[in-house]
>>> print(open('input-v1.cif').read())   # mmCIF, C-alpha atoms
data_query
loop_
_atom_site.label_atom_id
_atom_site.label_comp_id
_atom_site.auth_asym_id
_atom_site.auth_seq_id
_atom_site.Cartn_x
_atom_site.Cartn_y
_atom_site.Cartn_z
CA MET A 1 10.40 -45.63 -50.50
CA ARG A 2 12.94 -44.66 -53.15
CA VAL A 3 14.38 -41.18 -52.52
CA ALA A 4 16.45 -38.88 -54.73
CA ILE A 5 18.48 -36.20 -52.94
CA THR A 6 19.57 -33.11 -54.85
CA GLY A 7 22.64 -31.57 -53.29
CA GLY A 8 23.30 -35.05 -51.94
CA THR A 9 27.01 -34.40 -51.38
CA GLY A 10 26.44 -31.05 -49.65
CA PHE A 11 26.19 -30.47 -45.92
CA VAL A 12 22.58 -31.42 -45.17
CA GLY A 13 22.12 -33.69 -48.19
CA ARG A 14 25.15 -35.75 -47.21
CA HIS A 15 23.87 -36.24 -43.66
CA LEU A 16 20.45 -37.22 -45.00
CA ALA A 17 22.00 -39.77 -47.36
CA GLU A 18 24.08 -41.24 -44.55
CA ARG A 19 20.99 -41.60 -42.38
CA LEU A 20 18.92 -43.26 -45.09
CA ASN A 21 21.87 -45.51 -46.00
CA SER A 22 19.81 -47.42 -48.50
CA GLU A 23 20.12 -48.86 -51.98
CA ASP A 24 16.89 -46.96 -52.63
CA THR A 25 18.65 -43.60 -52.20
CA VAL A 26 19.83 -41.73 -55.32
CA ILE A 27 22.47 -39.01 -54.84
CA VAL A 28 22.17 -36.13 -57.30
CA SER A 29 24.88 -33.45 -57.41
CA ARG A 30 27.54 -31.95 -59.63
CA ARG A 31 29.99 -34.41 -58.07
CA THR A 32 27.89 -37.30 -59.38
CA GLY A 33 27.81 -35.69 -62.83
CA VAL A 34 24.30 -34.19 -62.76
CA GLN A 35 23.85 -30.44 -63.15
CA ILE A 36 20.92 -29.01 -61.20
CA ASN A 37 19.40 -27.39 -64.29
CA ASP A 38 19.77 -30.39 -66.64
CA VAL A 39 16.18 -31.63 -66.87
CA ASP A 40 16.99 -34.76 -68.90
CA ALA A 41 19.73 -35.88 -66.51
CA LEU A 42 17.56 -35.13 -63.50
CA ALA A 43 14.60 -37.04 -64.94
CA ALA A 44 16.84 -40.05 -65.54
CA ALA A 45 18.16 -39.85 -61.96
CA PHE A 46 14.62 -39.52 -60.55
CA SER A 47 13.32 -42.53 -62.52
CA GLY A 48 11.62 -44.96 -60.17
CA CYS A 49 11.80 -42.56 -57.21
CA ASP A 50 8.75 -41.87 -55.05
CA VAL A 51 9.98 -38.59 -53.58
CA VAL A 52 12.72 -35.99 -54.09
CA ALA A 53 14.52 -34.27 -51.22
CA HIS A 54 15.54 -30.99 -52.84
CA CYS A 55 18.51 -29.89 -50.70
CA ALA A 56 20.61 -28.22 -53.41
CA GLY A 57 21.51 -24.61 -52.70
CA ILE A 58 24.36 -22.14 -52.34
CA ASN A 59 25.01 -19.29 -49.90
CA ARG A 60 27.39 -17.38 -52.16
CA GLU A 61 27.74 -16.97 -55.92
CA ILE A 62 30.82 -18.32 -57.71
CA GLY A 63 31.14 -17.98 -61.48
CA ASP A 64 28.08 -19.36 -63.24
CA GLN A 65 26.75 -20.80 -59.96
CA THR A 66 24.47 -17.85 -59.27
CA PHE A 67 21.50 -17.73 -56.91
CA ASP A 68 19.12 -17.45 -59.88
CA ARG A 69 20.70 -20.38 -61.70
CA VAL A 70 20.86 -22.72 -58.70
CA HIS A 71 17.79 -21.77 -56.66
CA VAL A 72 15.29 -20.67 -59.33
CA ASP A 73 16.34 -22.37 -62.56
CA GLY A 74 17.46 -25.43 -60.60
CA THR A 75 14.14 -25.77 -58.80
CA ARG A 76 12.23 -25.29 -62.05
CA ALA A 77 14.30 -28.11 -63.59
CA VAL A 78 13.75 -30.35 -60.54
CA ILE A 79 9.99 -29.85 -60.79
CA GLU A 80 9.89 -30.62 -64.52
CA ALA A 81 12.14 -33.66 -64.08
CA ALA A 82 9.99 -34.92 -61.19
CA ARG A 83 6.88 -34.54 -63.35
CA ARG A 84 8.47 -36.53 -66.19
CA ALA A 85 9.67 -39.26 -63.82
CA GLY A 86 6.34 -39.60 -62.06
CA VAL A 87 7.66 -38.52 -58.64
CA HIS A 88 4.82 -38.20 -56.12
CA ARG A 89 6.25 -35.60 -53.72
CA ILE A 90 9.01 -33.00 -53.46
CA VAL A 91 10.41 -31.94 -50.10
CA MET A 92 12.41 -28.72 -50.38
CA LEU A 93 14.84 -27.37 -47.82
CA SER A 94 14.45 -23.59 -47.85
CA PHE A 95 15.48 -20.79 -45.47
CA LEU A 96 13.53 -19.53 -42.47
CA ARG A 97 13.46 -15.92 -43.66
CA ALA A 98 13.25 -16.44 -47.43
CA ARG A 99 10.94 -13.73 -48.74
CA PRO A 100 10.53 -11.29 -51.63
CA GLY A 101 11.64 -7.67 -51.74
CA CYS A 102 14.18 -7.75 -48.91
CA GLY A 103 17.26 -6.74 -50.89
CA SER A 104 19.09 -10.07 -50.55
CA ALA A 105 19.35 -12.20 -53.68
CA TYR A 106 19.76 -15.30 -51.54
CA HIS A 107 16.52 -14.73 -49.62
CA GLU A 108 14.59 -13.64 -52.71
CA THR A 109 15.64 -16.56 -54.92
CA LYS A 110 14.89 -19.05 -52.14
CA TRP A 111 11.40 -17.52 -51.97
CA ALA A 112 11.03 -17.67 -55.77
CA ALA A 113 11.92 -21.38 -55.60
CA GLU A 114 9.27 -21.91 -52.91
CA GLU A 115 6.67 -20.23 -55.11
CA LEU A 116 7.56 -22.43 -58.09
CA LEU A 117 6.98 -25.49 -55.96
CA ARG A 118 3.67 -24.17 -54.59
CA GLN A 119 2.44 -23.64 -58.14
CA SER A 120 3.78 -26.94 -59.53
CA GLY A 121 0.74 -29.14 -58.98
CA ILE A 122 3.00 -31.75 -57.34
CA ALA A 123 2.51 -32.64 -53.67
CA TYR A 124 5.17 -30.82 -51.66
CA THR A 125 6.54 -29.87 -48.29
CA ILE A 126 8.67 -26.76 -47.84
CA LEU A 127 10.89 -26.74 -44.76
CA LYS A 128 11.80 -23.14 -43.90
CA SER A 129 14.83 -23.90 -41.80
CA GLY A 130 16.98 -21.73 -39.56
CA MET A 131 20.74 -22.13 -39.03
CA ILE A 132 21.73 -25.79 -39.20
CA TYR A 133 25.00 -26.81 -37.57
CA GLY A 134 27.09 -29.95 -37.33
CA PRO A 135 30.28 -31.47 -38.76
CA GLY A 136 31.05 -29.70 -42.04
CA ASP A 137 28.69 -26.74 -41.50
CA HIS A 138 29.24 -23.03 -42.18
CA MET A 139 28.36 -21.80 -38.70
CA VAL A 140 30.49 -23.53 -36.06
CA ASP A 141 33.20 -24.12 -38.66
CA HIS A 142 33.72 -20.46 -39.58
CA VAL A 143 33.36 -19.07 -36.07
CA THR A 144 35.87 -21.62 -34.75
CA LYS A 145 38.47 -20.91 -37.43
CA ALA A 146 37.98 -17.17 -36.97
CA VAL A 147 38.51 -17.20 -33.19
CA ARG A 148 41.56 -19.45 -33.63
CA THR A 149 43.03 -17.05 -36.19
CA PHE A 150 42.18 -13.52 -35.05
CA PRO A 151 42.49 -11.94 -31.58
CA VAL A 152 39.42 -9.76 -32.24
CA PHE A 153 35.97 -10.95 -33.33
CA ALA A 154 33.37 -8.54 -34.71
CA THR A 155 29.78 -8.95 -33.54
CA VAL A 156 26.86 -7.52 -35.47
CA GLY A 157 25.43 -4.16 -34.43
CA TYR A 158 24.64 -2.84 -31.01
CA ARG A 159 21.27 -4.55 -30.57
CA GLU A 160 21.51 -8.27 -30.07
CA ARG A 161 19.73 -10.44 -32.64
CA THR A 162 18.68 -13.97 -31.78
CA VAL A 163 19.22 -17.34 -33.41
CA ARG A 164 17.80 -20.83 -32.86
CA PRO A 165 20.50 -23.21 -34.11
CA ILE A 166 19.38 -26.67 -35.25
CA PRO A 167 21.63 -29.73 -34.94
CA VAL A 168 21.93 -31.38 -38.33
CA GLU A 169 20.62 -34.66 -36.91
CA GLU A 170 17.34 -32.95 -36.00
CA ALA A 171 17.16 -31.24 -39.38
CA VAL A 172 17.52 -34.69 -40.95
CA ASN A 173 14.80 -36.04 -38.65
CA THR A 174 12.46 -33.36 -40.03
CA LEU A 175 13.43 -34.11 -43.62
CA ILE A 176 12.69 -37.78 -43.16
CA ALA A 177 9.34 -37.02 -41.53
CA ALA A 178 8.45 -34.82 -44.51
CA LEU A 179 9.61 -37.47 -47.00
CA GLU A 180 7.32 -39.95 -45.25
CA GLY A 181 4.39 -37.51 -45.33
CA ARG A 182 4.31 -36.94 -41.55
CA VAL A 183 4.59 -33.13 -41.67
CA PRO A 184 0.97 -31.95 -41.69
CA THR A 185 1.36 -28.53 -43.36
CA PRO A 186 2.81 -27.83 -46.81
CA THR A 187 5.06 -25.04 -45.51
CA VAL A 188 6.57 -25.25 -42.04
CA ALA A 189 9.15 -23.36 -39.98
CA VAL A 190 11.96 -25.49 -38.58
CA VAL A 191 13.93 -23.94 -35.71
CA GLY A 192 16.09 -25.25 -32.90
CA ALA A 193 14.89 -25.80 -29.35
CA GLU A 194 17.03 -23.06 -27.81
CA GLU A 195 16.78 -19.36 -28.65
CA LEU A 196 19.80 -17.30 -27.70
CA GLU A 197 21.45 -14.04 -28.60
CA LEU A 198 23.86 -14.27 -31.50
CA GLY A 199 26.73 -12.98 -29.37
CA SER A 200 26.06 -15.68 -26.78
CA ALA A 201 26.13 -18.36 -29.48
CA VAL A 202 29.48 -17.08 -30.77
CA ARG A 203 30.95 -16.89 -27.26
CA ARG A 204 29.79 -20.43 -26.56
CA ILE A 205 31.54 -21.70 -29.68
CA ALA A 206 34.72 -19.78 -28.79
CA ARG A 207 34.76 -21.19 -25.27
CA VAL A 208 34.34 -24.78 -26.48
CA ALA A 209 37.11 -24.13 -29.04
CA GLY A 210 39.36 -22.95 -26.18
CA ARG A 211 39.63 -19.32 -27.27
CA GLN A 212 38.78 -15.98 -25.66
CA PRO A 213 39.02 -13.27 -28.34
CA MET A 214 38.04 -9.68 -27.77
CA PHE A 215 34.47 -9.19 -29.01
CA VAL A 216 33.83 -5.82 -30.64
CA PRO A 217 30.35 -4.71 -31.79
CA VAL A 218 30.36 -3.09 -35.23
CA PRO A 219 27.53 -1.63 -37.34
CA VAL A 220 25.73 -3.74 -39.90
CA TRP A 221 27.22 -1.80 -42.80
CA ALA A 222 30.72 -2.83 -41.68
CA ILE A 223 29.71 -6.49 -41.68
CA ARG A 224 28.35 -6.05 -45.21
CA VAL A 225 31.66 -4.52 -46.31
CA LEU A 226 33.54 -7.40 -44.67
CA ALA A 227 31.28 -9.87 -46.47
CA ARG A 228 31.94 -8.29 -49.85
CA LEU A 229 35.68 -8.20 -49.17
CA THR A 230 35.91 -11.83 -48.04
CA GLU A 231 33.79 -13.04 -50.96
CA TRP A 232 36.33 -11.41 -53.26
CA THR A 233 39.43 -12.64 -51.48
CA MET A 234 38.68 -16.00 -49.82
CA VAL A 235 37.97 -19.41 -51.32
CA VAL A 236 35.30 -19.94 -48.65
CA PRO A 237 34.49 -16.46 -47.30
CA LEU A 238 34.63 -15.73 -43.60
CA VAL A 239 31.15 -14.27 -44.04
CA ALA A 240 29.10 -14.10 -47.25
CA LYS A 241 26.75 -11.28 -48.20
CA ALA A 242 23.72 -13.49 -47.65
CA GLN A 243 25.03 -14.40 -44.22
CA ALA A 244 25.53 -10.74 -43.38
CA GLN A 245 21.82 -10.19 -44.03
CA MET A 246 20.98 -13.13 -41.78
CA LEU A 247 23.18 -11.85 -38.98
CA ALA A 248 21.74 -8.34 -39.30
CA GLU A 249 18.15 -9.46 -38.74
CA GLY A 250 18.50 -12.62 -36.66
CA VAL A 251 17.40 -16.15 -37.52
CA SER A 252 14.77 -17.19 -35.03
CA GLU A 253 11.38 -16.23 -36.54
CA PRO A 254 10.03 -17.15 -39.98
CA ALA A 255 9.32 -14.40 -42.50
CA PRO A 256 6.66 -14.44 -43.76
CA PHE A 257 4.81 -16.39 -41.08
CA ALA A 258 4.84 -20.17 -41.32
CA PRO A 259 3.48 -22.59 -38.72
CA GLY A 260 5.89 -24.58 -36.60
CA LEU A 261 6.28 -28.32 -36.43
CA PRO A 262 3.86 -30.39 -34.36
CA ASP A 263 5.05 -31.29 -30.86
CA ASP A 264 6.14 -34.80 -31.77
CA LEU A 265 8.46 -33.54 -34.53
CA ARG A 266 9.77 -30.37 -32.89
CA PRO A 267 13.55 -30.21 -32.24
CA VAL A 268 14.45 -30.66 -28.57
CA LEU A 269 18.28 -30.67 -28.45
CA PRO A 270 20.02 -27.63 -26.94
CA PHE A 271 22.96 -25.77 -28.45
CA ASP A 272 25.30 -27.31 -25.91
CA ASP A 273 29.00 -28.05 -25.52
CA GLU A 274 28.70 -31.67 -26.64
CA ARG A 275 27.11 -30.83 -29.99
CA ILE A 276 29.33 -27.82 -30.58
CA ARG A 277 32.41 -29.95 -29.86
CA ALA A 278 31.25 -32.57 -32.36
CA ALA A 279 31.05 -29.87 -35.04
CA LEU A 280 34.46 -28.24 -34.36
CA PRO A 281 36.75 -28.29 -37.41
CA ASP A 282 40.48 -28.84 -37.38
CA GLY A 283 42.84 -25.91 -37.80
CA ARG A 284 42.31 -22.25 -38.50
CA PHE A 285 42.27 -19.91 -41.49
CA VAL A 286 45.58 -20.04 -43.40
CA LEU A 287 47.07 -18.38 -46.47
CA ALA A 288 45.76 -21.21 -48.65
CA ASP A 289 42.24 -19.97 -47.86
CA LEU A 290 42.94 -16.86 -49.96
CA ARG A 291 41.90 -16.99 -53.61
CA LEU A 292 45.13 -15.41 -54.84
CA VAL A 293 47.31 -17.91 -52.97
CA ARG A 294 45.16 -20.83 -54.16
CA TRP A 295 45.38 -19.53 -57.76
CA TRP A 296 49.15 -19.05 -57.53
CA THR A 297 49.68 -22.52 -56.04
CA ARG A 298 47.60 -24.10 -58.79
CA ARG A 299 49.45 -22.11 -61.45
CA ARG A 300 52.83 -23.20 -60.08
CA ARG A 301 51.66 -26.82 -59.99
CA LEU A 302 50.48 -26.71 -63.61
CA ASN A 303 53.56 -24.91 -64.93
CA GLY A 304 56.04 -26.93 -62.89
CA PRO A 305 59.19 -25.69 -61.19
CA GLY A 306 61.55 -23.51 -63.15
CA THR A 307 59.03 -22.37 -65.77
CA SER A 308 57.83 -18.85 -66.36
CA GLY A 309 54.31 -19.80 -67.33
CA HIS A 310 54.40 -17.72 -70.52
#
>>> encode(input="input-v1.cif", output="structure tokens")
Amino acid sequence: MRVAITGGTGFVGRHLAERLNSEDTVIVSRRTGVQINDVDALAAAFSGCDVVAHCAGINREIGDQTFDRVHVDGTRAVIEAARRAGVHRIVMLSFLRARPGCGSAYHETKWAAEELLRQSGIAYTILKSGMIYGPGDHMVDHVTKAVRTFPVFATVGYRERTVRPIPVEEAVNTLIAALEGRVPTPTVAVVGAEELELGSAVRRIARVAGRQPMFVPVPVWAIRVLARLTEWTMVVPLVAKAQAQMLAEGVSEPAPFAPGLPDDLRPVLPFDDERIRAALPDGRFVLADLRLVRWWTRRRRLNGPGTSGH
């Protein structure tokens, strides 16, 4: 089976490629010179492939990399390229709570991408996945750096939401099962084995990271303000606006409803110390994580010492 992976150098796509580890795996990403909305380039990359794992996606907008451009236009291009290349199946990694009319561009464009695939006429599987964690993620990574950097950690609201974190190795197991046609329903919810309150998940990460910050509950609107502020100021934001929406409503139940995986494919690994420890990043947040500092450093490098830059 020859597989093309869009977003093949991203978090989940990279882990999938490493697991397949085959000459019959084609990596498609901006880093390999293929833009997600370039139909001709995609069709050339998909040539000879049996199935596409569509893992490309973003959780924040930067410049021309908008949710509409990446999720909607990108998926439309992937579908057209797959049709031209004679691909038999597309497996798309979506989000557990992707849905229309919820006020989050991330959620809504993920849903729009799902709908394009449903209407494509190509065989498909849509994996509506919850929070995936592992080395290089955005969950354990950001929480760890935050608790190493700040003495106070804000938790969302006064009513605990729940999450069901999925180890990336189990997310990859599900992707491979779908690529092989072993997922029986065209749209399926993929959640971790353990459901726990968001605050408990954060405290567990902090403990494994060797930190005990003060946890302070704040209203959802404050988290949204923090998200907007850190998207403006940080290279990789502490929390993005889309993530603020996720934290505000929890990530444990699909919306709209989607059936779960069959018993033999269902994730079984707990959110335990061993797996958290394997995902811990090095270091903490530093000044270089600020956009202004990164811009100034780059400017100084380009201009060289002793120049004014004018």
>>> closest_residue(input="input-v1.cif", among="A:Ile58, A:Val3, A:Ala146, A:Val188", to="Pro213 of chain A", atoms="all atoms listed in the file")
A:Ala146
>>> atom_distance(input="input-v1.cif", atom1="atom CA of Asn173 of chain A", atom2="atom CA of His138 of chain A")
19.8 Å
>>> resolve_selection(input="input-v1.cif", expression="the PyMOL selection byres ((chain A and resi 70-83) around 8)", output="ChimeraX atom specification")
/A:36-40,42-43,46,52,54,56-58,65-69,84-88,109-110,112-113,116-117,120,122
>>> closest_residue(input="input-v1.cif", among="A:Leu96, A:Val172, A:Ala193, A:Val26", to="Phe257 of chain A", atoms="all atoms listed in the file")
A:Leu96
>>> resolve_selection(input="input-v1.cif", expression="the PyMOL selection byres ((chain A and resi 185) around 10)", output="ChimeraX atom specification")
/A:124-127,178,181-184,186-189,258-262
>>> write_last_selection(input="input-v1.cif", atoms="C-alpha atoms", output="PDB file, in the coordinates of the input")
ATOM      1  CA  TYR A 124       5.170 -30.820 -51.660  1.00  0.00           C
ATOM      2  CA  THR A 125       6.540 -29.870 -48.290  1.00  0.00           C
ATOM      3  CA  ILE A 126       8.670 -26.760 -47.840  1.00  0.00           C
ATOM      4  CA  LEU A 127      10.890 -26.740 -44.760  1.00  0.00           C
ATOM      5  CA  ALA A 178       8.450 -34.820 -44.510  1.00  0.00           C
ATOM      6  CA  GLY A 181       4.390 -37.510 -45.330  1.00  0.00           C
ATOM      7  CA  ARG A 182       4.310 -36.940 -41.550  1.00  0.00           C
ATOM      8  CA  VAL A 183       4.590 -33.130 -41.670  1.00  0.00           C
ATOM      9  CA  PRO A 184       0.970 -31.950 -41.690  1.00  0.00           C
ATOM     10  CA  PRO A 186       2.810 -27.830 -46.810  1.00  0.00           C
ATOM     11  CA  THR A 187       5.060 -25.040 -45.510  1.00  0.00           C
ATOM     12  CA  VAL A 188       6.570 -25.250 -42.040  1.00  0.00           C
ATOM     13  CA  ALA A 189       9.150 -23.360 -39.980  1.00  0.00           C
ATOM     14  CA  ALA A 258       4.840 -20.170 -41.320  1.00  0.00           C
ATOM     15  CA  PRO A 259       3.480 -22.590 -38.720  1.00  0.00           C
ATOM     16  CA  GLY A 260       5.890 -24.580 -36.600  1.00  0.00           C
ATOM     17  CA  LEU A 261       6.280 -28.320 -36.430  1.00  0.00           C
ATOM     18  CA  PRO A 262       3.860 -30.390 -34.360  1.00  0.00           C
TER      19      PRO A 262
END
>>> atom_distance(input="input-v1.cif", atom1="atom CA of Leu175 of chain A", atom2="atom CA of Gly8 of chain A")
12.9 Å
>>> closest_residue(input="input-v1.cif", among="A:Arg14, A:Glu160, A:Ala154, A:Thr174", to="Asp263 of chain A", atoms="all atoms listed in the file")
A:Thr174
>>> closest_residue(input="input-v1.cif", among="A:Val143, A:Val156, A:Ala4, A:Ile205", to="Ala244 of chain A", atoms="only C-alpha atoms")
A:Val156
>>> resolve_selection(input="input-v1.cif", expression="the PyMOL selection byres ((chain A and resi 13) around 10)", output="PDB file with C-alpha atoms, in the coordinates of the input")
ATOM      1  CA  ILE A   5      18.480 -36.200 -52.940  1.00  0.00           C
ATOM      2  CA  THR A   6      19.570 -33.110 -54.850  1.00  0.00           C
ATOM      3  CA  GLY A   7      22.640 -31.570 -53.290  1.00  0.00           C
ATOM      4  CA  GLY A   8      23.300 -35.050 -51.940  1.00  0.00           C
ATOM      5  CA  THR A   9      27.010 -34.400 -51.380  1.00  0.00           C
ATOM      6  CA  GLY A  10      26.440 -31.050 -49.650  1.00  0.00           C
ATOM      7  CA  PHE A  11      26.190 -30.470 -45.920  1.00  0.00           C
ATOM      8  CA  VAL A  12      22.580 -31.420 -45.170  1.00  0.00           C
ATOM      9  CA  ARG A  14      25.150 -35.750 -47.210  1.00  0.00           C
ATOM     10  CA  HIS A  15      23.870 -36.240 -43.660  1.00  0.00           C
ATOM     11  CA  LEU A  16      20.450 -37.220 -45.000  1.00  0.00           C
ATOM     12  CA  ALA A  17      22.000 -39.770 -47.360  1.00  0.00           C
ATOM     13  CA  GLU A  18      24.080 -41.240 -44.550  1.00  0.00           C
ATOM     14  CA  ARG A  19      20.990 -41.600 -42.380  1.00  0.00           C
ATOM     15  CA  ILE A  27      22.470 -39.010 -54.840  1.00  0.00           C
ATOM     16  CA  VAL A  28      22.170 -36.130 -57.300  1.00  0.00           C
ATOM     17  CA  SER A  29      24.880 -33.450 -57.410  1.00  0.00           C
ATOM     18  CA  ALA A  53      14.520 -34.270 -51.220  1.00  0.00           C
ATOM     19  CA  HIS A  54      15.540 -30.990 -52.840  1.00  0.00           C
ATOM     20  CA  CYS A  55      18.510 -29.890 -50.700  1.00  0.00           C
ATOM     21  CA  ALA A  56      20.610 -28.220 -53.410  1.00  0.00           C
ATOM     22  CA  LEU A  93      14.840 -27.370 -47.820  1.00  0.00           C
ATOM     23  CA  VAL A 172      17.520 -34.690 -40.950  1.00  0.00           C
ATOM     24  CA  LEU A 175      13.430 -34.110 -43.620  1.00  0.00           C
TER      25      LEU A 175
END
>>> residues_around(input="input-v1.cif", residues="Arg148 of chain A", least_positions_apart="2", cutoff="7 Å", atoms="only C-alpha atoms", output="PDB file with C-alpha atoms, in the frame of the given file")
ATOM      1  CA  THR A 144      35.870 -21.620 -34.750  1.00  0.00           C
ATOM      2  CA  LYS A 145      38.470 -20.910 -37.430  1.00  0.00           C
ATOM      3  CA  ALA A 146      37.980 -17.170 -36.970  1.00  0.00           C
ATOM      4  CA  PHE A 150      42.180 -13.520 -35.050  1.00  0.00           C
ATOM      5  CA  ARG A 211      39.630 -19.320 -27.270  1.00  0.00           C
ATOM      6  CA  ARG A 284      42.310 -22.250 -38.500  1.00  0.00           C
TER       7      ARG A 284
END
>>> atom_distance(input="input-v1.cif", atom1="atom CA of Ala171 of chain A", atom2="atom CA of Ile132 of chain A")
7.1 Å
>>> residues_around(input="input-v1.cif", residues="Leu196 of chain A", least_positions_apart="6", cutoff="10 Å", atoms="only C-alpha atoms", output="list in words")
Glu160, Arg161, Thr162, Val163, Arg164, Pro165, Ser252 and Phe271 of chain A
